[in-house]
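structure-v4.cif, holding mmCIF, C-alpha atoms and all ligand atoms:
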data_input
loop_
_atom_site.label_atom_id
_atom_site.label_comp_id
_atom_site.auth_asym_id
_atom_site.auth_seq_id
_atom_site.Cartn_x
_atom_site.Cartn_y
_atom_site.Cartn_z
CA MET Y 1 21.07 -17.84 3.81
CA SER Y 2 17.44 -17.77 2.76
CA VAL Y 3 15.19 -15.14 4.26
CA ILE Y 4 11.72 -16.28 5.24
CA ALA Y 5 9.16 -13.52 4.84
CA PRO Y 6 6.95 -13.06 7.89
CA THR Y 7 3.53 -14.58 7.21
CA ASN Y 8 1.57 -12.01 9.15
CA GLN Y 9 2.48 -9.17 6.80
CA LEU Y 10 1.76 -8.21 3.23
CA ILE Y 11 5.05 -8.12 1.34
CA ASP Y 12 5.15 -8.42 -2.44
CA ARG Y 13 7.71 -10.04 -4.77
CA PHE Y 14 9.65 -6.79 -4.96
CA GLY Y 15 9.98 -6.48 -1.21
CA ARG Y 16 7.42 -3.69 -0.92
CA ARG Y 17 5.37 -3.84 2.24
CA ILE Y 18 1.69 -3.01 1.95
CA THR Y 19 0.54 -0.82 4.80
CA TYR Y 20 -2.07 1.30 3.08
CA VAL Y 21 -5.45 0.26 1.66
CA ARG Y 22 -7.82 2.43 -0.31
CA LEU Y 23 -11.31 1.08 0.06
CA SER Y 24 -14.01 2.21 -2.33
CA VAL Y 25 -17.45 2.03 -0.75
CA THR Y 26 -19.48 2.94 -3.83
CA ASP Y 27 -18.98 3.74 -7.50
CA ARG Y 28 -21.86 6.23 -7.37
CA CYS Y 29 -21.49 9.95 -7.05
CA ASP Y 30 -23.55 13.13 -6.95
CA LEU Y 31 -21.08 14.79 -9.38
CA ARG Y 32 -19.75 13.85 -12.82
CA CYS Y 33 -16.27 15.41 -12.93
CA VAL Y 34 -15.08 15.59 -16.55
CA TYR Y 35 -11.78 13.78 -15.90
CA CYS Y 36 -13.38 11.03 -13.82
CA MET Y 37 -16.66 10.03 -15.45
CA CYS Y 38 -18.50 10.26 -18.72
CA GLU Y 39 -21.80 12.10 -18.74
CA ASP Y 40 -23.97 9.03 -18.89
CA MET Y 41 -22.59 6.53 -16.41
CA THR Y 42 -23.94 3.08 -15.64
CA PHE Y 43 -23.43 2.19 -12.02
CA LEU Y 44 -23.18 -1.21 -10.42
CA PRO Y 45 -26.37 -2.88 -9.22
CA ARG Y 46 -26.47 -2.47 -5.46
CA GLU Y 47 -26.47 -6.23 -4.77
CA GLN Y 48 -23.05 -6.52 -6.39
CA LEU Y 49 -21.46 -4.24 -3.81
CA LEU Y 50 -19.84 -5.54 -0.68
CA THR Y 51 -22.03 -4.90 2.32
CA LEU Y 52 -20.71 -2.48 4.93
CA GLU Y 53 -20.23 -5.46 7.25
CA GLU Y 54 -18.11 -7.24 4.65
CA MET Y 55 -16.04 -4.12 4.23
CA ALA Y 56 -15.48 -3.87 7.97
CA ARG Y 57 -14.43 -7.53 8.04
CA LEU Y 58 -11.99 -6.96 5.23
CA GLY Y 59 -10.63 -3.87 6.97
CA LYS Y 60 -9.92 -5.94 10.06
CA ALA Y 61 -8.15 -8.63 8.01
CA PHE Y 62 -5.90 -5.99 6.46
CA VAL Y 63 -5.10 -4.42 9.81
CA ASP Y 64 -4.30 -7.87 11.24
CA LEU Y 65 -1.72 -8.11 8.45
CA GLY Y 66 0.03 -4.87 9.28
CA VAL Y 67 -1.99 -2.31 7.34
CA HIS Y 68 -2.08 0.86 9.42
CA LYS Y 69 -3.79 3.27 7.07
CA ILE Y 70 -7.20 2.88 5.42
CA ARG Y 71 -8.60 5.53 3.14
CA ILE Y 72 -12.30 5.39 2.35
CA THR Y 73 -13.03 6.58 -1.13
CA GLY Y 74 -15.33 5.99 -4.11
CA GLY Y 75 -17.24 7.28 -6.12
CA GLU Y 76 -18.44 9.62 -3.45
CA PRO Y 77 -18.24 7.71 -0.16
CA LEU Y 78 -20.72 9.93 1.62
CA VAL Y 79 -23.55 9.01 -0.77
CA ARG Y 80 -23.46 5.38 0.41
CA ARG Y 81 -26.33 4.81 2.79
CA ASN Y 82 -25.32 4.26 6.45
CA VAL Y 83 -21.63 4.63 5.61
CA LEU Y 84 -20.98 6.16 9.04
CA LYS Y 85 -21.40 2.69 10.51
CA LEU Y 86 -18.37 1.52 8.53
CA PHE Y 87 -16.32 4.48 9.77
CA ARG Y 88 -17.32 3.66 13.34
CA ASP Y 89 -16.37 -0.02 12.95
CA LEU Y 90 -13.02 0.73 11.35
CA GLY Y 91 -12.35 3.53 13.80
CA GLN Y 92 -12.28 0.95 16.59
CA LEU Y 93 -9.64 -1.31 15.05
CA GLU Y 94 -6.56 -1.50 17.16
CA GLY Y 95 -3.49 -1.10 15.01
CA LEU Y 96 -5.17 1.23 12.55
CA ARG Y 97 -3.33 4.52 12.98
CA ASP Y 98 -4.95 6.47 10.22
CA LEU Y 99 -8.54 6.32 9.06
CA THR Y 100 -8.94 8.79 6.26
CA LEU Y 101 -11.54 9.87 3.75
CA THR Y 102 -11.44 11.30 0.25
CA THR Y 103 -14.61 13.21 -0.55
CA ASN Y 104 -15.93 15.80 -2.95
CA GLY Y 105 -17.18 17.68 0.10
CA THR Y 106 -20.79 18.14 -0.96
CA GLN Y 107 -22.15 16.28 2.10
CA LEU Y 108 -19.55 17.32 4.63
CA ALA Y 109 -21.61 20.09 6.16
CA ARG Y 110 -23.88 17.29 7.36
CA TYR Y 111 -21.33 14.62 8.28
CA ALA Y 112 -18.05 16.26 9.32
CA LYS Y 113 -18.68 16.18 13.06
CA GLU Y 114 -19.86 12.56 13.10
CA LEU Y 115 -16.91 11.47 10.98
CA LYS Y 116 -14.53 13.02 13.46
CA GLU Y 117 -16.33 11.29 16.32
CA ALA Y 118 -16.13 7.97 14.45
CA GLY Y 119 -12.35 8.18 14.42
CA VAL Y 120 -11.53 9.73 11.04
CA THR Y 121 -8.14 11.38 11.41
CA ARG Y 122 -7.64 13.19 8.14
CA ILE Y 123 -9.78 14.26 5.20
CA ASN Y 124 -8.95 15.00 1.57
CA ILE Y 125 -11.46 17.24 -0.13
CA SER Y 126 -11.45 17.61 -3.90
CA LEU Y 127 -11.69 21.16 -5.21
CA ASP Y 128 -10.32 22.09 -8.63
CA THR Y 129 -11.43 25.70 -8.88
CA LEU Y 130 -12.72 28.57 -6.77
CA ASP Y 131 -15.00 29.84 -9.50
CA ALA Y 132 -18.65 28.77 -9.28
CA ASP Y 133 -19.22 28.56 -13.06
CA ARG Y 134 -16.04 26.65 -13.69
CA PHE Y 135 -16.87 24.33 -10.83
CA HIS Y 136 -20.24 23.63 -12.37
CA LYS Y 137 -18.63 22.92 -15.75
CA LEU Y 138 -15.85 20.72 -14.38
CA THR Y 139 -18.23 18.67 -12.26
CA ARG Y 140 -21.11 18.84 -14.78
CA LEU Y 141 -23.56 19.07 -11.85
CA GLY Y 142 -22.01 20.73 -8.84
CA ASP Y 143 -22.76 23.72 -6.66
CA ILE Y 144 -19.50 25.07 -5.24
CA ASN Y 145 -21.28 26.58 -2.25
CA LYS Y 146 -22.05 23.14 -0.88
CA VAL Y 147 -18.37 22.23 -1.03
CA LEU Y 148 -17.28 25.49 0.57
CA ALA Y 149 -19.77 24.90 3.39
CA GLY Y 150 -18.39 21.35 3.69
CA ILE Y 151 -14.84 22.66 3.99
CA ASP Y 152 -15.91 25.06 6.74
CA ALA Y 153 -17.63 22.22 8.63
CA ALA Y 154 -14.55 20.02 8.33
CA LEU Y 155 -12.31 22.80 9.62
CA GLU Y 156 -14.64 23.30 12.54
CA ALA Y 157 -14.75 19.58 13.38
CA GLY Y 158 -11.00 19.65 14.08
CA PHE Y 159 -9.42 16.84 12.03
CA GLN Y 160 -5.66 16.34 12.36
CA ARG Y 161 -5.20 17.51 8.82
CA ILE Y 162 -7.33 18.54 5.90
CA LYS Y 163 -5.94 18.52 2.40
CA LEU Y 164 -7.46 19.83 -0.78
CA ASN Y 165 -6.91 17.82 -3.97
CA ALA Y 166 -7.03 19.56 -7.31
CA VAL Y 167 -6.77 17.86 -10.68
CA VAL Y 168 -5.22 20.40 -13.02
CA LEU Y 169 -6.23 20.57 -16.67
CA LYS Y 170 -4.61 22.89 -19.18
CA ASN Y 171 -6.91 25.76 -20.18
CA ARG Y 172 -9.60 24.66 -17.72
CA ASN Y 173 -8.12 25.55 -14.33
CA HIS Y 174 -4.32 25.69 -14.67
CA ASP Y 175 -4.40 29.46 -14.18
CA GLU Y 176 -5.84 29.02 -10.66
CA VAL Y 177 -3.04 27.13 -8.98
CA VAL Y 178 -1.71 30.13 -7.04
CA ASP Y 179 -5.20 31.11 -5.86
CA LEU Y 180 -5.91 27.53 -4.79
CA VAL Y 181 -2.71 27.36 -2.73
CA ASN Y 182 -3.51 30.67 -1.07
CA PHE Y 183 -7.08 29.58 -0.37
CA ALA Y 184 -5.88 26.34 1.26
CA HIS Y 185 -3.04 27.80 3.29
CA GLU Y 186 -5.03 30.79 4.57
CA ARG Y 187 -7.51 28.32 6.03
CA GLY Y 188 -4.94 25.95 7.52
CA MET Y 189 -5.11 23.20 4.91
CA ASP Y 190 -2.54 21.44 2.73
CA ILE Y 191 -3.14 21.12 -0.99
CA SER Y 192 -2.04 18.57 -3.58
CA PHE Y 193 -2.14 18.96 -7.33
CA ILE Y 194 -2.85 15.82 -9.34
CA GLU Y 195 -1.90 15.06 -12.92
CA GLU Y 196 -4.85 13.60 -14.77
CA MET Y 197 -4.64 9.84 -15.21
CA PRO Y 198 -5.99 8.06 -18.29
CA LEU Y 199 -8.61 5.91 -16.58
CA GLY Y 200 -11.77 5.12 -18.53
CA VAL Y 201 -13.42 6.80 -21.50
CA ILE Y 202 -14.68 10.23 -20.45
CA GLY Y 203 -15.84 11.77 -23.73
CA ASP Y 204 -15.08 15.32 -22.63
CA HIS Y 205 -11.58 16.22 -23.68
CA ASP Y 206 -8.40 14.82 -25.14
CA ARG Y 207 -6.34 13.88 -22.11
CA ALA Y 208 -3.03 14.50 -23.86
CA GLU Y 209 -4.11 18.04 -24.80
CA ALA Y 210 -5.29 18.76 -21.28
CA TYR Y 211 -2.08 17.50 -19.69
CA TYR Y 212 -0.50 20.06 -17.38
CA SER Y 213 2.52 18.67 -15.62
CA SER Y 214 3.50 19.02 -11.99
CA ASP Y 215 6.67 20.75 -13.17
CA GLU Y 216 4.61 23.39 -14.96
CA ILE Y 217 2.46 23.92 -11.87
CA LEU Y 218 5.54 24.24 -9.68
CA ARG Y 219 7.04 26.74 -12.12
CA ASP Y 220 3.82 28.82 -11.96
CA LEU Y 221 3.80 28.72 -8.18
CA LEU Y 222 7.46 29.67 -7.85
CA ARG Y 223 6.76 32.91 -9.72
CA GLU Y 224 4.50 33.94 -6.84
CA MET Y 225 5.83 32.23 -3.73
CA ASP Y 226 8.95 30.68 -2.21
CA LEU Y 227 8.68 26.93 -1.88
CA TYR Y 228 11.23 24.38 -0.81
CA ALA Y 229 11.05 20.60 -1.09
CA VAL Y 230 10.48 18.62 2.10
CA GLU Y 231 10.71 14.93 2.84
CA ASP Y 232 7.34 14.71 4.60
CA ASN Y 233 5.81 11.35 3.96
CA THR Y 234 2.12 10.87 4.62
CA GLY Y 235 2.10 7.35 3.23
CA GLY Y 236 0.69 8.49 -0.10
CA PRO Y 237 2.29 9.28 -3.45
CA SER Y 238 2.59 13.08 -3.01
CA HIS Y 239 5.92 14.91 -3.18
CA TYR Y 240 5.72 17.86 -0.82
CA PHE Y 241 6.93 21.42 -0.69
CA ARG Y 242 6.54 24.06 1.97
CA ARG Y 243 6.50 27.82 1.88
CA ILE Y 244 9.26 29.52 3.76
CA GLY Y 245 7.84 30.32 7.18
CA GLY Y 246 4.57 28.52 6.36
CA ASP Y 247 2.92 25.67 8.22
CA TYR Y 248 1.13 24.04 5.31
CA ARG Y 249 2.21 22.05 2.31
CA VAL Y 250 1.86 21.91 -1.42
CA GLY Y 251 1.96 18.37 -2.79
CA PHE Y 252 2.26 16.94 -6.27
CA ILE Y 253 0.86 13.62 -7.39
CA SER Y 254 2.58 12.99 -10.68
CA PRO Y 255 1.88 9.59 -12.19
CA HIS Y 256 3.23 10.72 -15.57
CA SER Y 257 6.20 12.88 -14.81
CA HIS Y 258 7.44 11.24 -11.60
CA ASN Y 259 6.60 7.58 -11.45
CA PHE Y 260 6.07 6.50 -7.86
CA CYS Y 261 5.79 2.73 -8.27
CA ASP Y 262 9.09 1.74 -6.68
CA THR Y 263 7.89 2.87 -3.27
CA CYS Y 264 4.30 1.70 -3.70
CA ASN Y 265 2.90 0.62 -0.35
CA ARG Y 266 -0.77 0.33 -1.22
CA VAL Y 267 -3.55 -1.68 -2.77
CA ARG Y 268 -7.13 -0.81 -3.61
CA VAL Y 269 -10.41 -2.59 -3.07
CA THR Y 270 -13.29 -1.71 -5.39
CA ALA Y 271 -16.85 -1.41 -4.13
CA GLU Y 272 -17.56 -4.91 -5.48
CA GLY Y 273 -14.69 -6.34 -3.48
CA ARG Y 274 -12.17 -6.65 -6.26
CA LEU Y 275 -8.66 -6.26 -4.89
CA LEU Y 276 -6.65 -4.17 -7.36
CA LEU Y 277 -2.95 -4.62 -6.93
CA CYS Y 278 -2.04 -1.59 -9.08
CA LEU Y 279 -3.98 1.51 -10.12
CA GLY Y 280 -2.76 1.24 -13.70
CA GLN Y 281 -2.96 -2.53 -14.27
CA GLU Y 282 -5.68 -5.13 -14.26
CA HIS Y 283 -4.11 -7.63 -11.82
CA SER Y 284 -6.79 -8.37 -9.27
CA MET Y 285 -8.37 -10.85 -6.89
CA ASP Y 286 -12.06 -11.40 -6.18
CA LEU Y 287 -12.32 -10.83 -2.44
CA ARG Y 288 -16.12 -10.84 -2.44
CA ARG Y 289 -16.01 -14.49 -3.40
CA VAL Y 290 -13.51 -15.23 -0.65
CA LEU Y 291 -15.54 -13.35 1.96
CA ARG Y 292 -18.81 -15.02 0.97
CA ALA Y 293 -17.32 -18.51 0.71
CA ASN Y 294 -15.86 -18.16 4.21
CA PRO Y 295 -18.43 -16.23 6.19
CA THR Y 296 -16.86 -16.93 9.55
CA ASP Y 297 -13.29 -17.96 8.70
CA ASP Y 298 -11.12 -14.84 8.80
CA GLU Y 299 -7.99 -16.96 8.49
CA ARG Y 300 -8.99 -17.79 4.89
CA VAL Y 301 -9.46 -14.11 4.14
CA ARG Y 302 -6.02 -13.28 5.50
CA ALA Y 303 -4.51 -16.17 3.52
CA ALA Y 304 -6.05 -14.81 0.31
CA LEU Y 305 -4.62 -11.37 0.97
CA ILE Y 306 -1.16 -12.82 1.52
CA GLU Y 307 -1.51 -14.87 -1.67
CA SER Y 308 -2.43 -11.76 -3.66
CA MET Y 309 1.04 -10.35 -3.05
CA ASP Y 310 2.34 -12.77 -5.71
CA ILE Y 311 0.48 -10.91 -8.45
CA LYS Y 312 1.20 -7.31 -7.49
CA PRO Y 313 2.87 -5.89 -10.61
CA GLU Y 314 6.08 -3.94 -10.50
CA GLY Y 315 4.50 -0.75 -11.80
CA HIS Y 316 2.05 1.03 -14.07
CA GLU Y 317 2.70 2.22 -17.61
CA PHE Y 318 0.66 5.38 -18.07
CA ASN Y 319 1.60 6.96 -21.37
CA LEU Y 320 -0.40 9.75 -22.95
CA GLU Y 321 1.39 9.65 -26.29
CA ALA Y 322 1.07 5.94 -27.02
CA PRO Y 323 -1.80 4.70 -24.89
CA GLN Y 324 -1.03 1.49 -23.08
CA PRO Y 325 -3.49 -1.39 -23.23
CA MET Y 326 -6.63 0.63 -22.55
CA ILE Y 327 -7.70 0.91 -18.96
CA PHE Y 328 -11.45 0.76 -19.10
CA ARG Y 329 -12.01 1.37 -15.43
CA HIS Y 330 -13.03 4.89 -14.53
CA MET Y 331 -11.50 6.46 -11.45
CA ASN Y 332 -14.82 6.15 -9.60
CA THR Y 333 -14.79 2.37 -10.06
CA THR Y 334 -11.11 2.14 -9.24
CA GLY Y 335 -11.41 4.00 -5.98
CA GLY Y 336 -9.37 7.13 -6.50
N1 LIG Y 401 -15.53 11.50 -4.92
C1 LIG Y 401 -14.40 11.70 -4.09
C2 LIG Y 401 -13.59 12.89 -4.53
O1 LIG Y 401 -13.83 13.41 -5.62
O2 LIG Y 401 -12.72 13.29 -3.78
C3 LIG Y 401 -13.52 10.48 -3.96
C4 LIG Y 401 -13.27 9.68 -5.19
S1 LIG Y 401 -12.35 10.52 -6.47
C5 LIG Y 401 -12.28 9.27 -7.71
C6 LIG Y 401 -10.74 10.60 -5.75
C7 LIG Y 401 -9.78 11.57 -6.37
O3 LIG Y 401 -9.48 11.14 -7.67
C8 LIG Y 401 -10.31 12.98 -6.49
O4 LIG Y 401 -9.39 13.89 -5.92
C9 LIG Y 401 -10.40 13.20 -7.97
O5 LIG Y 401 -10.16 14.53 -8.32
C10 LIG Y 401 -9.35 12.27 -8.50
N2 LIG Y 401 -9.55 11.82 -9.87
C11 LIG Y 401 -10.67 11.37 -10.46
N3 LIG Y 401 -10.44 11.01 -11.75
C12 LIG Y 401 -9.13 11.25 -11.97
C13 LIG Y 401 -8.27 11.07 -13.09
N4 LIG Y 401 -8.72 10.58 -14.24
N5 LIG Y 401 -6.98 11.42 -12.94
C14 LIG Y 401 -6.50 11.90 -11.76
N6 LIG Y 401 -7.26 12.07 -10.68
C15 LIG Y 401 -8.56 11.76 -10.77
FE1 LIG Y 402 -17.41 11.99 -8.23
FE2 LIG Y 402 -15.03 12.23 -7.12
FE3 LIG Y 402 -15.27 11.25 -9.60
FE4 LIG Y 402 -15.78 13.80 -9.18
S1 LIG Y 402 -13.83 12.78 -8.89
S2 LIG Y 402 -17.06 12.39 -10.35
S3 LIG Y 402 -16.63 13.79 -7.18
S4 LIG Y 402 -16.03 10.32 -7.77
#
Mind turning the file's structure into structure tokens?
Amino acid sequence: MSVIAPTNQLIDRFGRRITYVRLSVTDRCDLRCVYCMCEDMTFLPREQLLTLEEMARLGKAFVDLGVHKIRITGGEPLVRRNVLKLFRDLGQLEGLRDLTLTTNGTQLARYAKELKEAGVTRINISLDTLDADRFHKLTRLGDINKVLAGIDAALEAGFQRIKLNAVVLKNRNHDEVVDLVNFAHERGMDISFIEEMPLGVIGDHDRAEAYYSSDEILRDLLREMDLYAVEDNTGGPSHYFRRIGGDYRVGFISPHSHNFCDTCNRVRVTAEGRLLLCLGQEHSMDLRRVLRANPTDDERVRAALIESMDIKPEGHEFNLEAPQPMIFRHMNTTGG
């Protein structure tokens, strides 16, 4: 008996259903984190970006096809002018259960309350260190006090959940993992540790030398605290642990040591409207062209999204020892 896939959903050749979209609203940023960007970045000309209206239209097409989680990311999403309008538009989509944001936190003191009012449910804030000098070095530009004020504002605004994200680099911040967990949990936040991914030329360090695995982080944490694995699934790639008696989680995003492709439920859209079917591969579709060629025909946009499922690859091939065909995209262009 042949099974006919429903046409109003996004299901790829491997039977994975896409319910999660990460939408990058800009490749620009007010920081230059050493693992994400090189010092001297060239950004896209503004006219090449999707407009906020086009992004809202795309968001609706995805939700019509069963996507229930959209994460707004970048670059730094909060540096895009008038971005709150996009949050407000997406926040009104019926069927969208989770509207989330990944931010470096520098502008949150200003925007947290309005983001909550617009319908943002959860926020991820990136913070790799608690030390002001280290923060400045890791971000090449940043003032940690702005981020700390942003975290306070987000906590005050009352989102369902706030999670810190920390990229861990050996000999740069690996000795802070216990302090970061304590900082997050004492304030009522989850935290995830991320293994650095080899995206783009960064010119700062050798990624293989800086590699600090999730297993090493877990080992360091277990020396100081009791953690047990939990099955919590937030729709993302994190594996979670909890502290005995604790309310908050420690997550691990481990593209090297624990490949998560078999359960992949997501796609990414770059700020120029390129649909990326896999973080670590180049398979893509030009959605800006589709949107602009069909300014009023949403059916054509949905059809293109369904068609794209035929080119979603089975998985990525990150390998620090023998680099795979080079991925030239930086994380800020990819939409982290
Ligand atoms: N600017 C926002 C921020 O920093 O949260 C959103 C975009 S940023 C690209 C999203 C996430 O990707 C951040 O948590 C950042 O630390 C992480 N990231 C950036 N480059 C990375 C890389 N090469 N490997 C792993 N994570 C990376
Ligand atoms: Fe900017 Fe985020 Fe990349 Fe850091 S990780 S440079 S904050 S986009």
Residues within 9 Å of ligand LIG 402 (chain Y) should be enumerated using all atoms listed in the file and returned as a PyMOL selection string.
chain Y and resi 27-38+73-77+102-106+126+138-140+142+167+330-333+335-336
Written selection (C-alpha atoms) as a PDB file, in the frame of the given file:
ATOM      1  CA  ASP Y  27     -18.980   3.740  -7.500  1.00  0.00           C
ATOM      2  CA  ARG Y  28     -21.860   6.230  -7.370  1.00  0.00           C
ATOM      3  CA  CYS Y  29     -21.490   9.950  -7.050  1.00  0.00           C
ATOM      4  CA  ASP Y  30     -23.550  13.130  -6.950  1.00  0.00           C
ATOM      5  CA  LEU Y  31     -21.080  14.790  -9.380  1.00  0.00           C
ATOM      6  CA  ARG Y  32     -19.750  13.850 -12.820  1.00  0.00           C
ATOM      7  CA  CYS Y  33     -16.270  15.410 -12.930  1.00  0.00           C
ATOM      8  CA  VAL Y  34     -15.080  15.590 -16.550  1.00  0.00           C
ATOM      9  CA  TYR Y  35     -11.780  13.780 -15.900  1.00  0.00           C
ATOM     10  CA  CYS Y  36     -13.380  11.030 -13.820  1.00  0.00           C
ATOM     11  CA  MET Y  37     -16.660  10.030 -15.450  1.00  0.00           C
ATOM     12  CA  CYS Y  38     -18.500  10.260 -18.720  1.00  0.00           C
ATOM     13  CA  THR Y  73     -13.030   6.580  -1.130  1.00  0.00           C
ATOM     14  CA  GLY Y  74     -15.330   5.990  -4.110  1.00  0.00           C
ATOM     15  CA  GLY Y  75     -17.240   7.280  -6.120  1.00  0.00           C
ATOM     16  CA  GLU Y  76     -18.440   9.620  -3.450  1.00  0.00           C
ATOM     17  CA  PRO Y  77     -18.240   7.710  -0.160  1.00  0.00           C
ATOM     18  CA  THR Y 102     -11.440  11.300   0.250  1.00  0.00           C
ATOM     19  CA  THR Y 103     -14.610  13.210  -0.550  1.00  0.00           C
ATOM     20  CA  ASN Y 104     -15.930  15.800  -2.950  1.00  0.00           C
ATOM     21  CA  GLY Y 105     -17.180  17.680   0.100  1.00  0.00           C
ATOM     22  CA  THR Y 106     -20.790  18.140  -0.960  1.00  0.00           C
ATOM     23  CA  SER Y 126     -11.450  17.610  -3.900  1.00  0.00           C
ATOM     24  CA  LEU Y 138     -15.850  20.720 -14.380  1.00  0.00           C
ATOM     25  CA  THR Y 139     -18.230  18.670 -12.260  1.00  0.00           C
ATOM     26  CA  ARG Y 140     -21.110  18.840 -14.780  1.00  0.00           C
ATOM     27  CA  GLY Y 142     -22.010  20.730  -8.840  1.00  0.00           C
ATOM     28  CA  VAL Y 167      -6.770  17.860 -10.680  1.00  0.00           C
ATOM     29  CA  HIS Y 330     -13.030   4.890 -14.530  1.00  0.00           C
ATOM     30  CA  MET Y 331     -11.500   6.460 -11.450  1.00  0.00           C
ATOM     31  CA  ASN Y 332     -14.820   6.150  -9.600  1.00  0.00           C
ATOM     32  CA  THR Y 333     -14.790   2.370 -10.060  1.00  0.00           C
ATOM     33  CA  GLY Y 335     -11.410   4.000  -5.980  1.00  0.00           C
ATOM     34  CA  GLY Y 336      -9.370   7.130  -6.500  1.00  0.00           C
TER      35      GLY Y 336
END
Of the residues Y:Glu216, Y:Glu282, Y:Glu195, Y:Glu231, which is the one nearest to ligand LIG 401 (chain Y), using only C-alpha atoms and all ligand atoms?
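Going through Y:Glu216, Y:Glu282, Y:Glu195, Y:Glu231 one by one, the smallest distance to ligand LIG 401 (chain Y) is for Y:Glu195.
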Exercise: Pro198 of chain Y partners within 7 Å, only C-alpha atoms, chain neighbours under 2 positions left out, as a list in words:
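Using only C-alpha atoms, the neighbours found are Glu196, Gly200 and Arg207 of chain Y.
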Nearest-residue call for Arg300 of chain Y, choices Y:Gln48, Y:Asn173, Y:Ala61, Y:Tyr20, using all atoms listed in the file:
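Using all atoms listed in the file, Arg300 of chain Y sits closest to Y:Ala61.
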Work out how far apart atom CA of Met55 of chain Y and atom CA of Pro255 of chain Y are and give it in Å to one decimal.
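Here the two named atoms are 27.9 Å from each other.
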Take every atom of ligand LIG 401 (chain Y) listed in the file, pad by 4 Å on each side, and give me the axis-aligned box centre and edge lengths in Å, one decimal, as JSON.
{"center_x": -11.0, "center_y": 11.9, "center_z": -9.0, "size_x": 17.0, "size_y": 13.3, "size_z": 18.5}
Measure the distance from atom CA of Tyr212 of chain Y to atom CA of Leu180 of chain Y in Å and round it to one decimal.
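Here the two named atoms are 15.6 Å from each other.
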Hey, can you check how far atom CA of Thr263 of chain Y sits from atom CA of Gly119 of chain Y?
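We find that atom CA of Thr263 of chain Y and atom CA of Gly119 of chain Y lie 27.4 Å from each other.
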Skipping near chain neighbours, those fewer than 3 positions away, what residues fall within 12 Å of Glu224 of chain Y using all atoms listed in the file, listed as a PyMOL selection string?
chain Y and resi 177-179+181-182+217-221+227+243
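Minimum atom-to-atom distance to Met189 of chain Y, evaluated using all atoms listed in the file, belongs to Y:Asp247 out of Y:Asp247, Y:Glu176, Y:Asp206, Y:Asp98.
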Here is a test: counting all atoms listed in the file, which residue of Y:Ala149, Y:Val83, Y:Leu90, Y:Leu276 is nearest to Ala109 of chain Y?
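Using all atoms listed in the file, Ala109 of chain Y sits closest to Y:Ala149.
If you measure from each of Y:Ile72, Y:Cys278, Y:Leu108, Y:Arg134 to Val120 of chain Y using only C-alpha atoms, the closest one turns out to be Y:Ile72.
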Which residue out of Y:Ile244, Y:Ala153, Y:Ala271, Y:Leu52 has the minimum interatomic distance to ligand LIG 401 (chain Y) when only C-alpha atoms and all ligand atoms are used?
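Under the stated criterion, the closest residue is Y:Ala271.
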Contacts of Glu54 of chain Y within 8 Å, all atoms listed in the file, excl. fewer than 4 positions in-chain, as a list in words
Leu50, Leu58 and Leu291 of chain Y
Would you save the residues of that selection, restricted to C-alpha atoms, as a PDB file, in the frame of the given file?
ATOM      1  CA  LEU Y  50     -19.840  -5.540  -0.680  1.00  0.00           C
ATOM      2  CA  LEU Y  58     -11.990  -6.960   5.230  1.00  0.00           C
ATOM      3  CA  LEU Y 291     -15.540 -13.350   1.960  1.00  0.00           C
TER       4      LEU Y 291
END
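The residue set within 10 Å of Gly158 of chain Y, counting only C-alpha atoms and dropping same-chain residues fewer than 6 places from it, reads Ala112, Lys113, Lys116, Thr121 and Arg122 of chain Y.
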What's around Arg289 of chain Y at 9 Å? Count all atoms listed in the file, leave out sequence neighbours fewer than 4 positions away in its own chain, and write the answer as a ChimeraX atom specification.
/Y:273,293-294
